[in-house]
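Participant: Before I ask anything, here is the structure I am working with.
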Protein chains: 2
Amino acid sequence: MNESESVESVALAARYAAIKSLQELLSDRLSTAASVREQHGKDASYHPCVPPDAVAFAQSTEEVIEVVKICARHKVPLIPFGSGTGVEGHIAALRGGVCLDLSRMNRILRVNTGDLDATVQAGVTHERLNEHLRGSGLFFSVDPGGNSTIGGMAATRASGTNTVRYGTMRENVLSLEVVLPDGRVIRTARRARKSAAGYDLTRLFVGSEGTLGVITEITVRLYGVPAAISSAVCSFPSVEAAVNVVIKTIQAGVPVARIELADAAQMDAIKRYSKLHLPVAPTLWLEFHGTEAGVAEQANMVQLIASEHGGADFSWTTNLENHDKLWRARHDVLYANKALRDGAQLWATDVCVPISRLAECIIETQKDLAGSLLPTPIVGHAGDGNFHVCFVLNPNDPREIEEAERLNERMVHRALSLDGTCTGEHGIGCGKIDLLLAEHGEAVSIMHAIKTAIDPDNIMNPGKILRI
Amino acid sequence: MNESESVESVALAARYAAIKSLQELLSDRLSTAASVREQHGKDASYHPCVPPDAVAFAQSTEEVIEVVKICARHKVPLIPFGSGTGVEGHIAALRGGVCLDLSRMNRILRVNTGDLDATVQAGVTHERLNEHLRGSGLFFSVDPGGNSTIGGMAATRASGTNTVRYGTMRENVLSLEVVLPDGRVIRTARRARKSAAGYDLTRLFVGSEGTLGVITEITVRLYGVPAAISSAVCSFPSVEAAVNVVIKTIQAGVPVARIELADAAQMDAIKRYSKLHLPVAPTLWLEFHGTEAGVAEQANMVQLIASEHGGADFSWTTNLENHDKLWRARHDVLYANKALRDGAQLWATDVCVPISRLAECIIETQKDLAGSLLPTPIVGHAGDGNFHVCFVLNPNDPREIEEAERLNERMVHRALSLDGTCTGEHGIGCGKIDLLLAEHGEAVSIMHAIKTAIDPDNIMNPGKILRI
């Protein structure tokens, strides 16, 4: 046995010992079945499945503490898991270890209507929280594509279509309960709306992707359901014209709730899939929240701006049925894109730039994509300067993967050169570690220092965000 | 010479050596004059003056780097200084060392109207940025009481009267340039509106009170100047009635820009000072931003809510002259309070609680204050659940200081028991270190770990936030 084999065999022994202890703790809620492990080694992306050695299903913070302590004692990797809707390989068990599935921690603990906040366990999904809130006059705003858990959304700093008005998880998490890598529990903040009390631990753990601890409870902000909602859709002669409408709308202080952009390729895919009569041209979807008079005023203001930029067929409505059909088409983009090729898989990547650079970034990216063998529709949260390219590819063809890798990297470097970020909402996972370095340079050493200070044995989701 | 004397003398030698190097670097921009040192050892609070050994006036990031390197080499404390408007002893040179005055780094580097952001050097004040923006249709929203520098505001996570609509510095800083304790420079983020790229270093440095590095540049969000502004004022039979109006207003989704509360004692002080005809009763000030129609609609909605809660003489206006008089009275509270007693000094403390607990917290605090020998008016940013008690005291009378300490501590513990924080916007400084511990418990050890990882020699503003 050489040295590396010996290290490997010690690690293996540690994993077995940890799994044995976990079995004693959790009984049949600790699974080593291949199907369960495989299901927990694969997210909603092109990243290959890397299954953990075992999957632990926790039902309470107390159990999470015990699981973390066992993994800490044996120095075995621990990977928190929500619903597996991530797209940057966040839950791949790159160094083996235990996947901690939090989906059974799904209790809504408190809704404070007077304070417009709610406290939930990590496994509650955003859809379930909103179902629970129905009739209360309140809603939770953050809406990533999948039915993600709120714990996972906090861990990846998720956002979605109405960030332009209501913010990302960064703005909408008031407080977290976190089990630290040594098994201690902290609450990062009280429920006050603001605080100047010490370092902002809430924002440190939001977006830490399970690398600093396990998020077990989240207190989120809620908003009053608007008295009226209106929706609009409008197509444009160019991406630039559409983006200029976005910029002018925001400068004019119109408090749009959603302002989404799809390019012609994306509109073509949507039209084929949803059978709606929509022009195959750059298109903006908008949603306005407010009073009856307010949403009409907002829609009229944007209509005026759109008409000055060649917007065609601007139509808006407060009729919820029309509204639903419209937004359904937007929400179905992933299905529409998948339907473009038989047996295809999606690689959805995202960047975010200052909105004054958005048109340039999209147009240059489109030029770059034009020569590609892959369909590459573009859709984005234009109000934030955030857009997605969706590579529709055959995951078993290395040439296609390589092609997507090359185009992705070029797009990220383009975004960085325009003062943008390598990801607006998908996170780093194991997919964008080098691009994080390209973006942050020296600052990554501070992330390293923080990681090492909080998780010296690197047991929490190793191989994500940082290469230790 | 015993051991502690010997340590002391080594430290003294290091300080002399550092000051000598700084003199070579900065020439007459390094001052050891008593008047300059004293001016830099005292903030706008009751905290006693603790002057530094020297004051360095930097003019560029490059100079800041050199100053930091000199202090790092000699392990001499370094205290960043903006305009000295803090109120928790943030800039007291508790362990001697060098005060780094950034007020001459006062260039506005870029205004990006398309992206609604601006990048400024740390010494630019919020008033100066807004003067610069006049005519551009944009404004910077964060407005603490004094004319603070934006660097200082970022360092203390400042907020102010319109946080309820536009957020604190936490939400309004897009990116920072920071000189680390070893002299390296990082930028914490690009200019994109959102990012999921790694740990949120921006939010880590916002509110770190100079203990993790020197903030040299700040990119902040701007907003479009609203087409119309309306203002309202209304008095109530009780604090509870006023707070209920705040809660109902926010639940109804009225996007108030400001909603400020003053208690009867505060109104009495304001009335005496400003000679305005205002009832001596709990009072709400409101401001609405939007379109002409929008601000009228908002004011009418709040008027209706106020009338249901016993609001008297609700008056609102879009006449800017009346508006200015109204808000001048609000802004003058510190002068009004100072005028209550000859030669008095103010000790302004703040807490922040969930708004459903705000009435309870204020009423219990008023009861506690009722027996005090000091005038103790209360004013607050009610929309955030944040309020201030202003102890009007004789700083040379230890009994009065003791009395304020006792009442302050009781108020903070009351706020904590109501799920609030020990400070909504003033920060920890050296004044609330024990109260931070009371609030955060175990979580403070994570702050310690971060501080030690980033500033292992504890040269950055030692003795603030944490006791190392």
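By order in the structure tokens, chains are A, B, ...; within a chain, residues start at 1; ligands start at 1, following the order shown.
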Please report as an NGL selection string which residues of chain B come no farther than 7 Å from chain A, using only C-alpha atoms.
Facilitator: :B and (114-115 or 156-157 or 186-188 or 190-200 or 203-204 or 207-208 or 224 or 226 or 247 or 251-253 or 294 or 352-356 or 384 or 419-428 or 436 or 442-443 or 447 or 449-450 or 453-454 or 465)
Participant: Which residues are near segment 80-86 of chain A? Cut-off 7 Å, only C-alpha atoms, ignore same chain within fewer than 5 positions. Put them as a PyMOL selection string.
Facilitator: chain A and resi 43-44+91+99-103+123+146+148-149+151-152+210+214
Participant: Go through A:Thr61, A:Thr219, A:Thr32, A:Asn461 and flag the residue nearest Thr119 of chain A, using only C-alpha atoms for the distances.
Facilitator: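 Closest to Thr119 of chain A of all the choices is A:Thr219.
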Participant: Can you tell me which residues surround Arg410 of chain B at a distance of at most 12 Å, considering only C-alpha atoms, apart from same-chain residues fewer than 6 positions away, and format the answer as a list in words?
Facilitator: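 The neighbour list is Thr349, Val351, Cys361, Glu364, Thr365, Gln366, Lys367, Asp368, Leu369, Glu403, Ala404, Leu416, Ser417, Cys422, Leu435 and Ala438 of chain B.
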Participant: Can I get the selected residues back with N, CA and C atoms, as a short mmCIF file (atom, residue, chain, number, x, y, z; two decimals), in the first residue's frame?
Facilitator:
```cif
data_model
loop_
_atom_site.label_atom_id
_atom_site.label_comp_id
_atom_site.auth_asym_id
_atom_site.auth_seq_id
_atom_site.Cartn_x
_atom_site.Cartn_y
_atom_site.Cartn_z
N THR B 349 -29.28 57.01 21.61
CA THR B 349 -29.13 55.55 21.47
C THR B 349 -30.28 55.04 20.61
N VAL B 351 -32.58 51.42 19.16
CA VAL B 351 -32.88 49.98 19.02
C VAL B 351 -33.84 49.83 17.84
N CYS B 361 -42.71 48.28 22.79
CA CYS B 361 -41.34 48.63 23.17
C CYS B 361 -41.24 50.10 23.56
N GLU B 364 -43.31 50.71 27.01
CA GLU B 364 -42.58 50.20 28.18
C GLU B 364 -41.35 51.07 28.46
N THR B 365 -40.71 51.50 27.39
CA THR B 365 -39.53 52.35 27.55
C THR B 365 -39.94 53.70 28.15
N GLN B 366 -41.04 54.26 27.67
CA GLN B 366 -41.52 55.53 28.23
C GLN B 366 -41.80 55.41 29.72
N LYS B 367 -42.40 54.28 30.11
CA LYS B 367 -42.69 54.06 31.54
C LYS B 367 -41.39 54.05 32.34
N ASP B 368 -40.40 53.35 31.77
CA ASP B 368 -39.11 53.23 32.44
C ASP B 368 -38.43 54.60 32.55
N LEU B 369 -38.60 55.40 31.49
CA LEU B 369 -37.94 56.70 31.45
C LEU B 369 -38.66 57.73 32.34
N GLU B 403 -27.07 57.02 35.04
CA GLU B 403 -28.52 56.90 34.82
C GLU B 403 -28.83 56.56 33.36
N ALA B 404 -28.16 57.25 32.43
CA ALA B 404 -28.38 56.98 31.00
C ALA B 404 -27.92 55.56 30.66
N LEU B 416 -34.35 43.32 22.81
CA LEU B 416 -33.92 41.95 22.51
C LEU B 416 -35.02 40.95 22.86
N SER B 417 -35.70 41.20 23.98
CA SER B 417 -36.76 40.27 24.40
C SER B 417 -37.94 40.33 23.44
N CYS B 422 -29.93 45.41 19.20
CA CYS B 422 -29.40 46.42 20.12
C CYS B 422 -29.08 47.73 19.41
N LEU B 435 -23.63 44.51 24.67
CA LEU B 435 -25.01 44.33 24.19
C LEU B 435 -25.03 43.50 22.90
N ALA B 438 -24.95 40.08 24.15
CA ALA B 438 -26.28 39.70 24.65
C ALA B 438 -27.20 39.35 23.48
#
```
Participant: For segment 7-23 of chain A, find every residue with an atom within 12 Å (counting only C-alpha atoms), except residues of its own chain fewer than 4 positions away, and show them as a PyMOL selection string.
Facilitator: chain A and resi 1-3+27-32+52-58+63-78+95-100+459
Participant: Write out as a list in words each polymer residue whose atoms come within 12 Å of Asn396 of chain B, counting only C-alpha atoms; drop sequence neighbours fewer than 4 positions from it.
Facilitator: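 Non-adjacent residues within range: Tyr46, His47, Pro48, Gly343, Ala344, Gln345, Glu400, Ile401 and Glu402 of chain B.
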Participant: Would you mind exporting the chosen residues as a CSV table (one decimal), in the first residue's frame, restricted to N, CA and C atoms?
Facilitator:
```csv
chain,number,residue,atom,x,y,z
B,46,TYR,N,-21.6,61.2,23.5
B,46,TYR,CA,-21.2,61.4,24.9
B,46,TYR,C,-19.9,60.7,25.2
B,47,HIS,N,-19.4,59.8,24.3
B,47,HIS,CA,-18.2,59.1,24.5
B,47,HIS,C,-17.0,60.1,24.7
B,48,PRO,N,-16.2,59.8,25.7
B,48,PRO,CA,-15.0,60.8,26.0
B,48,PRO,C,-14.0,60.8,24.8
B,343,GLY,N,-26.1,73.9,28.2
B,343,GLY,CA,-24.8,73.2,28.3
B,343,GLY,C,-25.0,71.7,28.3
B,344,ALA,N,-26.1,71.2,27.9
B,344,ALA,CA,-26.3,69.8,27.9
B,344,ALA,C,-25.7,69.1,26.7
B,345,GLN,N,-25.4,67.8,26.8
B,345,GLN,CA,-24.9,67.1,25.7
B,345,GLN,C,-25.9,66.0,25.4
B,400,GLU,N,-25.5,61.3,36.1
B,400,GLU,CA,-26.4,61.4,34.9
B,400,GLU,C,-25.9,60.3,33.8
B,401,ILE,N,-24.6,60.2,33.7
B,401,ILE,CA,-24.1,59.2,32.8
B,401,ILE,C,-24.5,57.8,33.2
B,402,GLU,N,-24.4,57.6,34.5
B,402,GLU,CA,-24.8,56.3,35.1
B,402,GLU,C,-26.3,56.0,34.8
```
Participant: Can you tell me, as a tab-separated table (two decimals) with N, CA, C and O atoms, in the first residue's frame, which residues in segment 86-284 of chain B count as strand (DSSP E) by DSSP?
Facilitator:
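Saved file states06.tsv follows:
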```
chain	number	residue	atom	x	y	z
B	98	VAL	N	-2.71	55.35	14.87
B	98	VAL	CA	-2.85	56.38	13.83
B	98	VAL	C	-4.30	56.48	13.38
B	98	VAL	O	-4.94	55.49	13.06
B	99	CYS	N	-4.80	57.70	13.36
B	99	CYS	CA	-6.11	57.95	12.78
B	99	CYS	C	-5.92	58.28	11.29
B	99	CYS	O	-5.11	59.14	10.96
B	100	LEU	N	-6.64	57.57	10.42
B	100	LEU	CA	-6.51	57.81	8.98
B	100	LEU	C	-7.72	58.60	8.51
B	100	LEU	O	-8.81	58.06	8.36
B	101	ASP	N	-7.51	59.90	8.33
B	101	ASP	CA	-8.61	60.79	7.92
B	101	ASP	C	-8.78	60.72	6.40
B	101	ASP	O	-7.85	61.02	5.65
B	108	ILE	N	-15.85	62.56	-6.73
B	108	ILE	CA	-16.94	61.75	-7.28
B	108	ILE	C	-16.40	61.20	-8.58
B	108	ILE	O	-16.15	61.93	-9.54
B	109	LEU	N	-16.17	59.90	-8.62
B	109	LEU	CA	-15.39	59.32	-9.71
B	109	LEU	C	-16.21	59.07	-10.96
B	109	LEU	O	-15.72	59.21	-12.07
B	110	ARG	N	-17.46	58.66	-10.79
B	110	ARG	CA	-18.30	58.32	-11.94
B	110	ARG	C	-19.76	58.38	-11.53
B	110	ARG	O	-20.12	57.93	-10.43
B	111	VAL	N	-20.60	58.91	-12.40
B	111	VAL	CA	-22.05	58.77	-12.23
B	111	VAL	C	-22.55	58.06	-13.48
B	111	VAL	O	-22.32	58.54	-14.60
B	112	ASN	N	-23.16	56.90	-13.32
B	112	ASN	CA	-23.69	56.16	-14.45
B	112	ASN	C	-25.20	56.34	-14.47
B	112	ASN	O	-25.92	55.64	-13.76
B	117	ASP	N	-26.22	54.39	-10.83
B	117	ASP	CA	-25.24	54.19	-9.76
B	117	ASP	C	-24.15	55.24	-9.86
B	117	ASP	O	-24.03	55.94	-10.88
B	118	ALA	N	-23.39	55.38	-8.78
B	118	ALA	CA	-22.27	56.33	-8.75
B	118	ALA	C	-21.14	55.71	-7.94
B	118	ALA	O	-21.38	54.95	-7.00
B	119	THR	N	-19.91	56.03	-8.35
B	119	THR	CA	-18.75	55.57	-7.60
B	119	THR	C	-18.04	56.79	-7.03
B	119	THR	O	-17.75	57.74	-7.76
B	120	VAL	N	-17.84	56.77	-5.73
B	120	VAL	CA	-17.23	57.92	-5.06
B	120	VAL	C	-16.07	57.47	-4.17
B	120	VAL	O	-16.02	56.32	-3.75
B	121	GLN	N	-15.17	58.39	-3.90
B	121	GLN	CA	-14.15	58.12	-2.90
B	121	GLN	C	-14.78	58.20	-1.51
B	121	GLN	O	-15.84	58.83	-1.31
B	138	LEU	N	-31.50	62.20	-10.75
B	138	LEU	CA	-31.20	61.08	-9.85
B	138	LEU	C	-30.86	61.60	-8.46
B	138	LEU	O	-30.44	62.74	-8.30
B	139	PHE	N	-31.02	60.75	-7.46
B	139	PHE	CA	-30.57	61.12	-6.12
B	139	PHE	C	-30.07	59.89	-5.37
B	139	PHE	O	-30.37	58.75	-5.74
B	173	VAL	N	-25.25	49.75	-1.26
B	173	VAL	CA	-23.87	49.66	-1.72
B	173	VAL	C	-23.78	48.51	-2.73
B	173	VAL	O	-24.15	47.38	-2.42
B	174	LEU	N	-23.31	48.82	-3.92
B	174	LEU	CA	-23.15	47.78	-4.94
B	174	LEU	C	-21.77	47.14	-4.86
B	174	LEU	O	-21.61	45.98	-5.16
B	175	SER	N	-20.80	47.93	-4.46
B	175	SER	CA	-19.42	47.45	-4.51
B	175	SER	C	-18.53	48.35	-3.68
B	175	SER	O	-18.83	49.54	-3.52
B	176	LEU	N	-17.45	47.79	-3.17
B	176	LEU	CA	-16.50	48.56	-2.38
B	176	LEU	C	-15.08	48.29	-2.87
B	176	LEU	O	-14.77	47.16	-3.27
B	177	GLU	N	-14.25	49.31	-2.79
B	177	GLU	CA	-12.81	49.07	-2.87
B	177	GLU	C	-12.31	49.12	-1.43
B	177	GLU	O	-12.63	50.07	-0.70
B	178	VAL	N	-11.57	48.10	-1.03
B	178	VAL	CA	-11.12	48.01	0.36
B	178	VAL	C	-9.63	47.74	0.38
B	178	VAL	O	-9.14	46.87	-0.35
B	179	VAL	N	-8.91	48.49	1.21
B	179	VAL	CA	-7.51	48.16	1.48
B	179	VAL	C	-7.49	47.25	2.70
B	179	VAL	O	-7.97	47.62	3.78
B	185	VAL	N	-5.27	45.36	-2.00
B	185	VAL	CA	-6.53	46.04	-2.32
B	185	VAL	C	-7.46	45.04	-2.99
B	185	VAL	O	-7.04	44.29	-3.88
B	186	ILE	N	-8.71	45.05	-2.59
B	186	ILE	CA	-9.69	44.24	-3.31
B	186	ILE	C	-10.87	45.12	-3.71
B	186	ILE	O	-11.12	46.18	-3.12
B	187	ARG	N	-11.58	44.65	-4.76
B	187	ARG	CA	-12.90	45.20	-5.06
B	187	ARG	C	-13.86	44.08	-4.71
B	187	ARG	O	-13.66	42.93	-5.11
B	214	VAL	N	-9.78	49.23	5.26
B	214	VAL	CA	-10.14	50.62	5.01
B	214	VAL	C	-10.94	50.70	3.71
B	214	VAL	O	-10.43	50.33	2.64
B	215	ILE	N	-12.17	51.18	3.80
B	215	ILE	CA	-12.99	51.38	2.60
B	215	ILE	C	-12.51	52.65	1.91
B	215	ILE	O	-12.49	53.72	2.53
B	216	THR	N	-12.09	52.52	0.65
B	216	THR	CA	-11.56	53.68	-0.06
B	216	THR	C	-12.47	54.18	-1.19
B	216	THR	O	-12.47	55.37	-1.51
B	217	GLU	N	-13.24	53.27	-1.79
B	217	GLU	CA	-14.20	53.67	-2.83
B	217	GLU	C	-15.50	52.92	-2.64
B	217	GLU	O	-15.49	51.76	-2.22
B	218	ILE	N	-16.59	53.58	-2.99
B	218	ILE	CA	-17.90	52.98	-2.81
B	218	ILE	C	-18.72	53.22	-4.08
B	218	ILE	O	-18.78	54.35	-4.56
B	219	THR	N	-19.34	52.16	-4.58
B	219	THR	CA	-20.31	52.32	-5.66
B	219	THR	C	-21.69	52.15	-5.04
B	219	THR	O	-21.97	51.12	-4.42
B	220	VAL	N	-22.50	53.19	-5.18
B	220	VAL	CA	-23.83	53.18	-4.55
B	220	VAL	C	-24.93	53.23	-5.60
B	220	VAL	O	-24.73	53.71	-6.72
B	221	ARG	N	-26.09	52.75	-5.23
B	221	ARG	CA	-27.27	52.84	-6.07
B	221	ARG	C	-27.84	54.25	-6.01
B	221	ARG	O	-27.77	54.92	-4.98
B	223	TYR	N	-31.43	56.62	-7.33
B	223	TYR	CA	-32.84	56.47	-7.70
B	223	TYR	C	-33.27	57.68	-8.51
B	223	TYR	O	-32.69	58.76	-8.37
B	224	GLY	N	-34.29	57.48	-9.34
B	224	GLY	CA	-34.86	58.60	-10.08
B	224	GLY	C	-35.58	59.52	-9.11
B	224	GLY	O	-36.31	59.07	-8.24
B	228	ALA	N	-43.36	63.56	-8.32
B	228	ALA	CA	-44.08	64.36	-7.31
B	228	ALA	C	-43.74	63.84	-5.92
B	228	ALA	O	-43.44	62.66	-5.72
B	229	ILE	N	-43.79	64.76	-4.96
B	229	ILE	CA	-43.58	64.42	-3.55
B	229	ILE	C	-44.73	65.04	-2.77
B	229	ILE	O	-45.08	66.20	-3.00
B	230	SER	N	-45.32	64.27	-1.89
B	230	SER	CA	-46.27	64.90	-0.98
B	230	SER	C	-45.89	64.53	0.45
B	230	SER	O	-45.23	63.53	0.69
B	231	SER	N	-46.29	65.39	1.35
B	231	SER	CA	-45.92	65.26	2.74
B	231	SER	C	-47.16	65.31	3.60
B	231	SER	O	-48.12	66.00	3.24
B	232	ALA	N	-47.13	64.61	4.72
B	232	ALA	CA	-48.29	64.67	5.61
B	232	ALA	C	-47.82	64.66	7.04
B	232	ALA	O	-46.73	64.17	7.35
B	233	VAL	N	-48.64	65.20	7.93
B	233	VAL	CA	-48.37	65.13	9.35
B	233	VAL	C	-49.70	64.89	10.05
B	233	VAL	O	-50.74	65.33	9.59
B	234	CYS	N	-49.64	64.12	11.14
B	234	CYS	CA	-50.88	63.75	11.81
B	234	CYS	C	-50.56	63.38	13.25
B	234	CYS	O	-49.57	62.70	13.51
B	235	SER	N	-51.38	63.85	14.20
B	235	SER	CA	-51.14	63.49	15.60
B	235	SER	C	-52.17	62.47	16.06
B	235	SER	O	-53.25	62.34	15.48
B	258	ARG	N	-41.14	57.92	3.58
B	258	ARG	CA	-40.73	58.20	4.96
B	258	ARG	C	-41.94	58.05	5.84
B	258	ARG	O	-43.05	58.46	5.48
B	259	ILE	N	-41.75	57.50	7.03
B	259	ILE	CA	-42.84	57.47	8.02
B	259	ILE	C	-42.19	57.50	9.39
B	259	ILE	O	-41.67	56.53	9.89
B	260	GLU	N	-42.18	58.70	9.95
B	260	GLU	CA	-41.42	58.99	11.16
B	260	GLU	C	-42.35	59.24	12.33
B	260	GLU	O	-43.42	59.84	12.17
B	261	LEU	N	-41.92	58.81	13.50
B	261	LEU	CA	-42.74	58.94	14.70
B	261	LEU	C	-41.99	59.76	15.75
B	261	LEU	O	-40.80	59.56	15.97
B	262	ALA	N	-42.71	60.68	16.39
B	262	ALA	CA	-42.14	61.40	17.54
B	262	ALA	C	-43.12	61.27	18.70
B	262	ALA	O	-44.34	61.32	18.47
B	283	THR	N	-46.92	61.86	17.13
B	283	THR	CA	-47.11	62.41	15.79
B	283	THR	C	-46.40	61.56	14.74
B	283	THR	O	-45.30	61.07	14.98
B	284	LEU	N	-47.05	61.41	13.60
B	284	LEU	CA	-46.41	60.78	12.45
B	284	LEU	C	-46.14	61.83	11.38
B	284	LEU	O	-47.00	62.65	11.09
```
Participant: One number please: atom CA of His90 of chain B to atom CA of Met460 of chain B, in Å, one decimal.
Facilitator: 11.6 Å
Participant: Report the distance between atom CA of Ser372 of chain B and atom CA of Gly160 of chain B in Å, rounded to one decimal place.
Facilitator: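 Separating atom CA of Ser372 of chain B from atom CA of Gly160 of chain B is a distance of 27.5 Å.
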Participant: Pull the helix (DSSP H, G or I) assignments for segment 290-447 of chain B out of DSSP run on the backbone, and list those residues as JSON, numbers by chain.
Facilitator: {"B": [292, 293, 294, 295, 296, 297, 298, 299, 300, 301, 302, 303, 304, 305, 306, 307, 308, 320, 321, 322, 323, 324, 325, 326, 327, 328, 329, 330, 331, 333, 334, 335, 336, 337, 338, 355, 356, 357, 358, 359, 360, 361, 362, 363, 364, 365, 366, 367, 368, 369, 370, 382, 383, 384, 398, 399, 400, 401, 402, 403, 404, 405, 406, 407, 408, 409, 410, 411, 412, 413, 414, 415, 416, 417, 433, 434, 435, 436, 437, 438, 439, 440, 443, 444, 445, 446, 447]}
Participant: Just to confirm, what's the straight-line distance from atom CA of Lys338 of chain B to atom CA of Pro395 of chain B in Å (one decimal)?
Facilitator: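 About the pair atom CA of Lys338 of chain B and atom CA of Pro395 of chain B: they are 12.5 Å apart.
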Participant: Just the residues within 6 Å of Phe236 of chain A, please, counting only C-alpha atoms, with nothing from its chain fewer than 5 positions along; format it as a PyMOL selection string.
Facilitator: chain A and resi 242+282+311
Participant: Quick one: everything within 6 Å of Cys390 of chain B, counting only C-alpha atoms, minus sequence neighbours fewer than 6 positions away in the same chain. Send it as a list of chain:residue names.
Facilitator: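 Residues meeting the cut-off are B:Trp347, B:Ala348, B:Thr376, B:Pro377.
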Participant: Atoms to include: N, CA and C atoms. Write the selected residues as a CSV table (one decimal), in the first residue's frame.
Facilitator:
```csv
chain,number,residue,atom,x,y,z
B,347,TRP,N,-27.0,62.1,24.4
B,347,TRP,CA,-26.6,60.7,24.2
B,347,TRP,C,-27.7,60.0,23.5
B,348,ALA,N,-27.5,59.9,22.1
B,348,ALA,CA,-28.6,59.3,21.3
B,348,ALA,C,-28.3,57.8,21.2
B,376,THR,N,-35.9,62.9,28.1
B,376,THR,CA,-35.6,61.7,27.2
B,376,THR,C,-36.6,61.6,26.0
B,377,PRO,N,-36.6,62.6,25.2
B,377,PRO,CA,-37.5,62.5,24.0
B,377,PRO,C,-37.2,61.3,23.1
```
